[in-house]
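Accompanying notes for the structure given below.
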Amino acid sequence: MSSDFKEITISNKSFKIADISSLNGIKKIPYSYRILAENVLRQKINKVNNLADQQLEFILNCKVGTPINFMPNRILSHDILGKVMLVDFLSYKEALEKKGIESKAIQPKIPIDIVIDHSLQVDFFGSKDAVIKNLQKEYNRNSERFAFLRWCSKNLNNVKVIPPGVGICHQVNIEYLSKVVWNKNSILHPDTCVGTDSHTPMVNAIGVLGWGVGGIEAEVAMLGKSLSVALPEVIGIHLTNKCVEGITSTDLVLTITELLRKHKVVGSFVEFYGDGVSSLSVGDRATISNMAPEYGSTAVLFPVDQMTLDYLEMTGRDKDQIKIVEEYSKAQNLWRVDGDVPNYSRTIELDLSKVVPCVSGPKNPEDRLDLNKFSSLINTHSNNLYSRDIRSDEFKVDGQEAKIKDGNIMIAAITSCTNTTNPKGMIAAGLVAKNLIEKGIQRNANVKTSFAPGSQVTGTILEESGLQKYLDQLGFNVIGFGCTTCNGGSGPLPANLAKSIEDNKVYSVAVLSGNRNFQGRIHPNIRASYLASPALVVCFSILGNVLKSFDKDPLGKDKNGNNVFLKDVWPTNEEIEACVKKSYKPEFFISKYNHVAEGGELWDGLNIPKTVTYEWSEKSTYFKKPPYLDSVSENKTIESGIKNVRPLVILGDSITTDHISPSNAITRGTAAGDYLESKGVKPEDFNNYTTRRAHHEVAMRATFANLRLRNKITPDKEGSFTKKFPEGKELRIFEAAMEYKKENTILAVFAGENYGCGSSRDTAAKGPLLLGVRIIVAKSFERIHRSNLIGMGLLPLQFKNGQGIEELNIEGTDVFDFLNLDKINNDNKEVDLKIKKQTGDIISAKLDVRLDTPEEIQYWQNGGILPMAWREEIRK
């Protein structure tokens, strides 16, 4: 096994590579393993991994679950979690300075790209000036946050910030930032990254291995250290045939999401093989890879092939770089070969010709629904969510003539990088709009419509193609370039409409082209959210109510009085492809990304602190120095047990990070809203929860504050409520936690399957910790959230198979002892649980410890990643 780099020549230039082509069995292992093998081999050559030989054997022999070290090239982030990550990093530097350690040299060791995309809200829509008005509003709300990020880019090494209004980080990543093959000092290696957003795998579509992590885990990489990874299983999806006429990439990805959730792929890598792969464009692949967290996979790799090179050319990449990508990939066995079937852990079949038009909802992306059955299922959804039949009643809205009723679509949004990255999806939406307008169909003014492209390039292309004018006429004017509705930034509904919705408990609906539709995420006044392709979103906005069927109900009448149905305005695949080829040109990408760092007057006018050390302001409600290192001792202590623990909440299955740490607008009457008002913040300036996550006082009050949360301790109430025991007093969750804290009572959270699915936000771990939670017990955990819990020093414990909340009769009145915690090690990952019932009975059980690598055990024993890094630094 080579201990040095090998020289190769590409286009008459000499380069060095960590040669994996000669490794025994390299052609038999999955492509993602091949990239990991190169990463570990390069660590060996650079003498930064003493276990490299052993880890290479693990990879080459596909030893699932064995620990390996992974060193990504770079970190991708956005303004929310990137800001939190940097706040933690600055507090870490300050904690070292208190010990007399010069911290100026403690700097990010690898590139960090932060794209400001999560702060944009749809305050203005349906007009040409919505873009500038929303951008101005975004700066008015968030200038303090943006100034902080600019300060970081000037005072921390390797930190680059892309201003608001450029696009969504994942789309910018795949269109511009990603190199596919990295060239540093003439040493070539695969471009790899981790991102502080769960949709980072989108870049897997062009052969770049990367996945989402929490901000704390990203800080390990930021410090130039390796990430400990338990080698995941790699699942091969065998694609046969190709999608039939009229099927969109959204139809395909929702089908895949449903399929892979059923096959339980949480924590795995996924690769696609078979003759169907060649029929998928990079845009299609990006849509599929983007939704990896929705089906639970860590990464969804499409190896480099001709489609990749064509995409790089279309997006204006340098020709020499494209040649390097091709030659390097072929030399290293990273080029996709038709007919190649690596040794996958298991395989799943998918016949692309069987995919049908569909949507998903009303609360989970995997809840796929055939479009032709959709309207007939709405009553079932209403009963499942609210135990109530759909009503035929109409309800008055003060100040307007039009009434509202159950099933009305209040929000229709073309949003999210998931679909706006795909040229075919964007062109299809534009052609549908064109066909509708030409047939005489007019905008439905009762629906809040918006279009937020994932990059400026997409906006420019639709404008230049002549299709944007048709979208404008239907209310889908471009409102800005950011996440918006997909991330809960849908902006307010009119106050009179919101009041009628709430007063009458209307089954109000949002339809969006995003990747998530969790309860309470899209808008506080929306009861159900459905995911659909951009073209379908346009049509739904005209239909106006989900009780109507596209098969039976017309979209309107044409100029001759004839009914117009969906099939009459849907473009053919040939029409879409022709328009894509005509409209998507490299010069559009080059011209826009040549000015990617320019933010205009608003960006240049930010009041950036002049100090070289960041000075925390006590008046700020956006930032506060975090407390995680305030009371850390120089030596770790490991308790033998944690006793007399009370349950803060007892939850069901599929509890998302939106349930734990919501992203929607902060409202009056919430714990966070009360806190902000006490600090003099007006309700109209509350902003949303995401923007205030760098202020831990707000973040802790946001914990379990989702308006649609269902806590089994208070089964008859929806929202942020629990009972404080032994009194049995019903309180908001935050107040109950504070009362427990006064009594020095340690808390636990109990849940079902897939706890922590959804976003990578580490506040979903930090918030419970700040409330006094030390242990989370669930039937299973989503990967990123489990890592975040460990990174903050919380202990994830898993019920044994066949056991859970119901099986052990866990109740809010119970008191728990967790024993033998000091015996946790690589060979023993089991602890004892004693459940002390109110009756005096005691139930005993065993729980599995979900610390999957030796490093994770060390993180937990140290109270988290930052305390461990701090202890290591002061001992140098």
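Residues in the structure tokens are numbered from 1 in each chain, the chains being A, B, ... in the order shown, and ligands are numbered from 1 in the order shown.
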Dump as a Markdown table the rows for residues of range 161-223 of chain A within 12 Å of range 127-138 of chain A: closest atom pair and distance in Å with one decimal, only C-alpha atoms counted, ordered by chain and rising residue number.
| residue | atom | partner | partner_atom | distance |
| --- | --- | --- | --- | --- |
| A:Pro163 | CA | A:Leu135 | CA | 11.0 |
| A:Pro164 | CA | A:Leu135 | CA | 7.7 |
| A:Gly165 | CA | A:Leu135 | CA | 7.1 |
| A:Val166 | CA | A:Leu135 | CA | 10.9 |
Could you save those same residues with N, CA and C atoms as a short mmCIF file (atom, residue, chain, number, x, y, z; two decimals), in the first residue's frame?
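Wrote it out as selection05.cif, contents follow:
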data_model
loop_
_atom_site.label_atom_id
_atom_site.label_comp_id
_atom_site.auth_asym_id
_atom_site.auth_seq_id
_atom_site.Cartn_x
_atom_site.Cartn_y
_atom_site.Cartn_z
N PRO A 163 -23.34 37.39 0.14
CA PRO A 163 -24.39 38.28 0.66
C PRO A 163 -25.80 37.79 0.38
N PRO A 164 -26.79 38.39 1.06
CA PRO A 164 -28.19 38.09 0.76
C PRO A 164 -28.52 38.41 -0.70
N GLY A 165 -29.47 37.69 -1.24
CA GLY A 165 -29.94 37.99 -2.59
C GLY A 165 -29.23 37.27 -3.71
N VAL A 166 -28.27 36.39 -3.37
CA VAL A 166 -27.55 35.64 -4.40
C VAL A 166 -28.24 34.31 -4.68
#
All residues 7 Å or closer to Thr257 in chain A, only C-alpha atoms, same chain fewer than 5 positions away omitted, as a ChimeraX atom specification: /A:294-295,366
If you run DSSP over the backbone, which residues in range 99-209 of chain A end up strand (DSSP E or B)? Put them as an MDAnalysis selection string. chainID A and resid 112:115 159:162 167 181:184 187:190 192:195 209
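Residues within 12 Å of Lys6 in chain A, counting only C-alpha atoms and excluding same-chain residues fewer than 3 positions away, are Met1, Ser2, Ser3, Thr9, Ser14, Phe15, Lys16, Ile17, Ala18, Asp19, Ile20, Ser21, Ser22, Leu41, Arg42, Ile45, Ser186, Ile187, Leu188, His189, Ala331 and Gln332 of chain A.
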Export of prior selection with N, CA, C and O atoms as a compact mmCIF listing (two decimals), in the first residue's frame:
# COMPACT_ATOMS: atom_id res chain seq x y z
N MET A 1 0.85 -1.19 0.00
CA MET A 1 0.00 0.00 0.00
C MET A 1 0.89 1.24 0.00
O MET A 1 1.74 1.40 0.88
N SER A 2 0.74 2.11 -0.97
CA SER A 2 1.66 3.23 -1.17
C SER A 2 1.64 4.20 0.00
O SER A 2 0.61 4.45 0.60
N SER A 3 2.84 4.72 0.33
CA SER A 3 2.96 5.73 1.38
C SER A 3 3.34 7.07 0.79
O SER A 3 3.80 7.96 1.52
N THR A 9 -0.23 12.81 -15.47
CA THR A 9 -0.22 13.95 -16.38
C THR A 9 -1.61 14.12 -16.99
O THR A 9 -2.19 13.16 -17.50
N SER A 14 1.62 18.18 -14.87
CA SER A 14 1.89 17.13 -13.88
C SER A 14 1.12 17.40 -12.59
O SER A 14 1.08 18.54 -12.10
N PHE A 15 0.53 16.34 -12.07
CA PHE A 15 -0.18 16.41 -10.80
C PHE A 15 0.18 15.20 -9.96
O PHE A 15 0.71 14.21 -10.46
N LYS A 16 -0.12 15.29 -8.67
CA LYS A 16 0.06 14.17 -7.77
C LYS A 16 -1.30 13.72 -7.24
O LYS A 16 -2.20 14.54 -7.03
N ILE A 17 -1.41 12.41 -7.01
CA ILE A 17 -2.66 11.87 -6.47
C ILE A 17 -2.34 10.80 -5.43
O ILE A 17 -1.27 10.18 -5.47
N ALA A 18 -3.27 10.62 -4.49
CA ALA A 18 -3.21 9.46 -3.61
C ALA A 18 -3.88 8.32 -4.38
O ALA A 18 -5.10 8.26 -4.46
N ASP A 19 -3.08 7.47 -4.95
CA ASP A 19 -3.56 6.49 -5.94
C ASP A 19 -4.33 5.35 -5.27
O ASP A 19 -3.74 4.53 -4.56
N ILE A 20 -5.63 5.30 -5.51
CA ILE A 20 -6.43 4.19 -4.98
C ILE A 20 -6.69 3.12 -6.03
O ILE A 20 -7.22 2.06 -5.71
N SER A 21 -6.31 3.40 -7.27
CA SER A 21 -6.63 2.45 -8.36
C SER A 21 -5.94 1.10 -8.16
O SER A 21 -6.41 0.08 -8.66
N SER A 22 -4.82 1.10 -7.43
CA SER A 22 -4.07 -0.14 -7.22
C SER A 22 -4.47 -0.88 -5.95
O SER A 22 -3.95 -1.96 -5.68
N LEU A 41 -6.36 7.23 2.65
CA LEU A 41 -5.01 7.03 2.10
C LEU A 41 -4.23 8.35 2.11
O LEU A 41 -3.04 8.37 2.45
N ARG A 42 -4.88 9.42 1.78
CA ARG A 42 -4.21 10.73 1.80
C ARG A 42 -3.83 11.12 3.22
O ARG A 42 -2.79 11.75 3.46
N ILE A 45 -0.62 9.27 3.87
CA ILE A 45 0.53 9.88 3.20
C ILE A 45 0.96 11.15 3.92
O ILE A 45 2.15 11.45 4.06
N SER A 186 -1.11 21.43 -6.78
CA SER A 186 -0.96 20.38 -7.81
C SER A 186 -1.18 18.97 -7.27
O SER A 186 -0.80 17.99 -7.91
N ILE A 187 -1.80 18.87 -6.10
CA ILE A 187 -2.24 17.57 -5.59
C ILE A 187 -3.75 17.49 -5.82
O ILE A 187 -4.51 18.34 -5.36
N LEU A 188 -4.17 16.50 -6.57
CA LEU A 188 -5.58 16.34 -6.91
C LEU A 188 -6.25 15.36 -5.95
O LEU A 188 -5.66 14.34 -5.58
N HIS A 189 -7.46 15.68 -5.56
CA HIS A 189 -8.25 14.73 -4.76
C HIS A 189 -9.72 15.10 -4.87
O HIS A 189 -10.07 16.21 -5.28
N ALA A 331 -9.04 7.78 -13.86
CA ALA A 331 -7.80 7.19 -13.34
C ALA A 331 -8.01 6.55 -11.96
O ALA A 331 -7.35 5.55 -11.63
N GLN A 332 -8.92 7.11 -11.17
CA GLN A 332 -9.12 6.66 -9.79
C GLN A 332 -10.32 5.72 -9.63
O GLN A 332 -10.74 5.44 -8.50
Please identify all polymer residues within 6 Å of range 277-291 of chain A, counting only C-alpha atoms, omitting same-chain residues fewer than 4 positions from it, and present them as a PyMOL selection string. chain A and resi 199+201-202+205+249+253+300+418+422
Could you please take those selected residues and save N, CA and C atoms as a compact mmCIF listing (two decimals), in the first residue's frame?
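What follows is the written file out.txt:
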# COMPACT_ATOMS: atom_id res chain seq x y z
N HIS A 199 -29.57 19.31 3.97
CA HIS A 199 -29.70 19.09 2.53
C HIS A 199 -28.38 19.24 1.77
N PRO A 201 -26.32 16.99 1.04
CA PRO A 201 -26.11 15.93 0.03
C PRO A 201 -26.54 16.29 -1.38
N MET A 202 -27.21 17.42 -1.57
CA MET A 202 -27.58 17.81 -2.93
C MET A 202 -26.38 17.78 -3.87
N ALA A 205 -24.99 14.95 -6.31
CA ALA A 205 -25.48 14.76 -7.67
C ALA A 205 -24.38 14.93 -8.72
N SER A 249 -39.30 15.42 -11.92
CA SER A 249 -38.33 14.94 -10.92
C SER A 249 -38.94 14.97 -9.52
N VAL A 253 -38.79 11.96 -6.91
CA VAL A 253 -38.17 12.02 -5.59
C VAL A 253 -39.17 11.72 -4.47
N VAL A 300 -26.24 10.54 -0.89
CA VAL A 300 -26.89 9.91 -2.05
C VAL A 300 -26.02 10.21 -3.26
N THR A 418 -34.48 22.44 -3.86
CA THR A 418 -34.85 21.08 -4.26
C THR A 418 -35.32 21.03 -5.70
N ASN A 422 -33.35 22.43 -10.78
CA ASN A 422 -33.58 21.58 -11.95
C ASN A 422 -34.11 22.39 -13.13
Which residues of range 336-434 of chain A come within 12 Å of range 649-660 of chain A, and for each one, what is the closest pair of atoms and their distance in Å to one decimal, counting only C-alpha atoms, sorted by chain and residue number, as a tab-separated table?
residue	atom	partner	partner_atom	distance
A:Lys363	CA	A:Ser654	CA	10.4
A:Asn364	CA	A:Ser654	CA	8.8
A:Pro365	CA	A:Ser654	CA	11.3
A:Glu366	CA	A:Ser654	CA	11.0
Measuring atom to atom with only C-alpha atoms, identify which of A:Phe302, A:Phe374, A:Tyr92, A:Phe70 is nearest to Leu36 in chain A.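 Answer, going by the shortest atom-to-atom distance: A:Phe70.
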List the neighbours of range 521-524 of chain A out to 9 Å using only C-alpha atoms; skip same-chain residues closer than 6 positions along the sequence, and give me the result as an NGL selection string. :A and (485-493 or 510 or 658-659 or 662-665 or 667 or 706-708)
With a distance cut-off of 8 Å and only C-alpha atoms, select the neighbouring residues of Asp848 in chain A, excluding the residue or stretch itself and same-chain residues fewer than 2 positions from it, and output the selection as a list of chain:residue names.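 After dropping sequence-adjacent residues, the list is A:Leu797, A:Gln798, A:Phe799, A:Lys800, A:Lys829, A:Glu830, A:Val831, A:Lys846, A:Arg850.
Each of A:Gly316, A:Pro67, A:Gly100, A:Pro715 was checked against Pro586 in chain A using only C-alpha atoms; the smallest atom-to-atom distance is that of A:Gly316.
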Mind checking which residues fall within 7 Å of Ser529 in chain A, counting only C-alpha atoms, ignoring those fewer than 5 positions away in the same chain, and posting them as a PyMOL selection string? chain A and resi 361-363+509-511+517
Any chance you can output those residues with all heavy atoms as a PDB file, in the first residue's frame?
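Below you can see selection_26.pdb, which holds the result:
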ATOM      1  N   GLY A 361     -48.031  14.699   1.641  1.00  0.00           N
ATOM      2  CA  GLY A 361     -48.546  15.461   2.763  1.00  0.00           C
ATOM      3  C   GLY A 361     -49.575  14.654   3.524  1.00  0.00           C
ATOM      4  O   GLY A 361     -49.794  13.474   3.244  1.00  0.00           O
ATOM      5  N   PRO A 362     -50.189  15.249   4.550  1.00  0.00           N
ATOM      6  CA  PRO A 362     -50.199  16.682   4.857  1.00  0.00           C
ATOM      7  C   PRO A 362     -49.129  17.146   5.831  1.00  0.00           C
ATOM      8  O   PRO A 362     -49.031  18.334   6.133  1.00  0.00           O
ATOM      9  CB  PRO A 362     -51.579  16.857   5.494  1.00  0.00           C
ATOM     10  CG  PRO A 362     -51.807  15.567   6.208  1.00  0.00           C
ATOM     11  CD  PRO A 362     -51.187  14.504   5.342  1.00  0.00           C
ATOM     12  N   LYS A 363     -48.258  16.208   6.328  1.00  0.00           N
ATOM     13  CA  LYS A 363     -47.306  16.656   7.339  1.00  0.00           C
ATOM     14  C   LYS A 363     -45.928  16.018   7.241  1.00  0.00           C
ATOM     15  O   LYS A 363     -45.046  16.367   8.008  1.00  0.00           O
ATOM     16  CB  LYS A 363     -47.873  16.429   8.741  1.00  0.00           C
ATOM     17  CG  LYS A 363     -48.116  14.960   9.083  1.00  0.00           C
ATOM     18  CD  LYS A 363     -48.529  14.806  10.543  1.00  0.00           C
ATOM     19  CE  LYS A 363     -48.687  13.325  10.900  1.00  0.00           C
ATOM     20  NZ  LYS A 363     -48.949  13.145  12.333  1.00  0.00           N
ATOM     21  N   VAL A 509     -54.619  25.352   3.772  1.00  0.00           N
ATOM     22  CA  VAL A 509     -53.632  24.546   3.047  1.00  0.00           C
ATOM     23  C   VAL A 509     -52.549  25.409   2.408  1.00  0.00           C
ATOM     24  O   VAL A 509     -52.820  26.514   1.918  1.00  0.00           O
ATOM     25  CB  VAL A 509     -54.335  23.700   1.958  1.00  0.00           C
ATOM     26  CG1 VAL A 509     -53.336  22.998   1.047  1.00  0.00           C
ATOM     27  CG2 VAL A 509     -55.279  22.686   2.601  1.00  0.00           C
ATOM     28  N   ALA A 510     -51.340  24.902   2.426  1.00  0.00           N
ATOM     29  CA  ALA A 510     -50.236  25.449   1.635  1.00  0.00           C
ATOM     30  C   ALA A 510     -49.768  24.378   0.658  1.00  0.00           C
ATOM     31  O   ALA A 510     -49.713  23.194   1.007  1.00  0.00           O
ATOM     32  CB  ALA A 510     -49.079  25.885   2.529  1.00  0.00           C
ATOM     33  N   VAL A 511     -49.453  24.780  -0.546  1.00  0.00           N
ATOM     34  CA  VAL A 511     -48.847  23.889  -1.541  1.00  0.00           C
ATOM     35  C   VAL A 511     -47.522  24.517  -1.951  1.00  0.00           C
ATOM     36  O   VAL A 511     -47.482  25.701  -2.329  1.00  0.00           O
ATOM     37  CB  VAL A 511     -49.762  23.700  -2.771  1.00  0.00           C
ATOM     38  CG1 VAL A 511     -49.108  22.751  -3.769  1.00  0.00           C
ATOM     39  CG2 VAL A 511     -51.125  23.164  -2.355  1.00  0.00           C
ATOM     40  N   ASN A 517     -42.673  19.575   4.847  1.00  0.00           N
ATOM     41  CA  ASN A 517     -44.019  20.067   5.106  1.00  0.00           C
ATOM     42  C   ASN A 517     -44.462  19.736   6.525  1.00  0.00           C
ATOM     43  O   ASN A 517     -45.630  19.510   6.787  1.00  0.00           O
ATOM     44  CB  ASN A 517     -45.013  19.486   4.098  1.00  0.00           C
ATOM     45  CG  ASN A 517     -44.931  17.961   3.997  1.00  0.00           C
ATOM     46  OD1 ASN A 517     -44.024  17.340   4.526  1.00  0.00           O
ATOM     47  ND2 ASN A 517     -45.893  17.372   3.311  1.00  0.00           N
TER      48      ASN A 517
END
How many Å lie between CA of Glu618 in chain A and CA of His695 in chain A, rounded to one decimal?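 CA of Glu618 in chain A sits 10.8 Å away from CA of His695 in chain A.
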Top pick for closest residue to Thr703 in chain A, considering A:Phe451, A:Phe734, A:Phe146, A:Trp211 and counting only C-alpha atoms: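 Ranked by minimum distance to Thr703 in chain A, first place goes to A:Phe734.
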Measuring atom to atom with only C-alpha atoms, identify which of A:Glu233, A:Asp822, A:Glu245, A:Glu856 is nearest to Arg346 in chain A.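 Going through A:Glu233, A:Asp822, A:Glu245, A:Glu856 one by one, the smallest distance to Arg346 in chain A is for A:Glu233.
Considering only C-alpha atoms, the residue among A:Leu209, A:Leu471, A:Ala694, A:Ile404 positioned nearest to Lys83 in chain A is A:Ala694.
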Going by DSSP on the backbone, which bits of range 531-669 of chain A are alpha helix (DSSP H)? Write them as an NGL selection string, please. :A and (534-543 or 566-569 or 573-583 or 586-593 or 600-604 or 657-660)
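Of the residues under consideration (A:Ile256, A:Ile174, A:Cys62, A:Ala105), A:Ile174 shows the shortest atom-to-atom contact distance to Gly210 in chain A when counting only C-alpha atoms.
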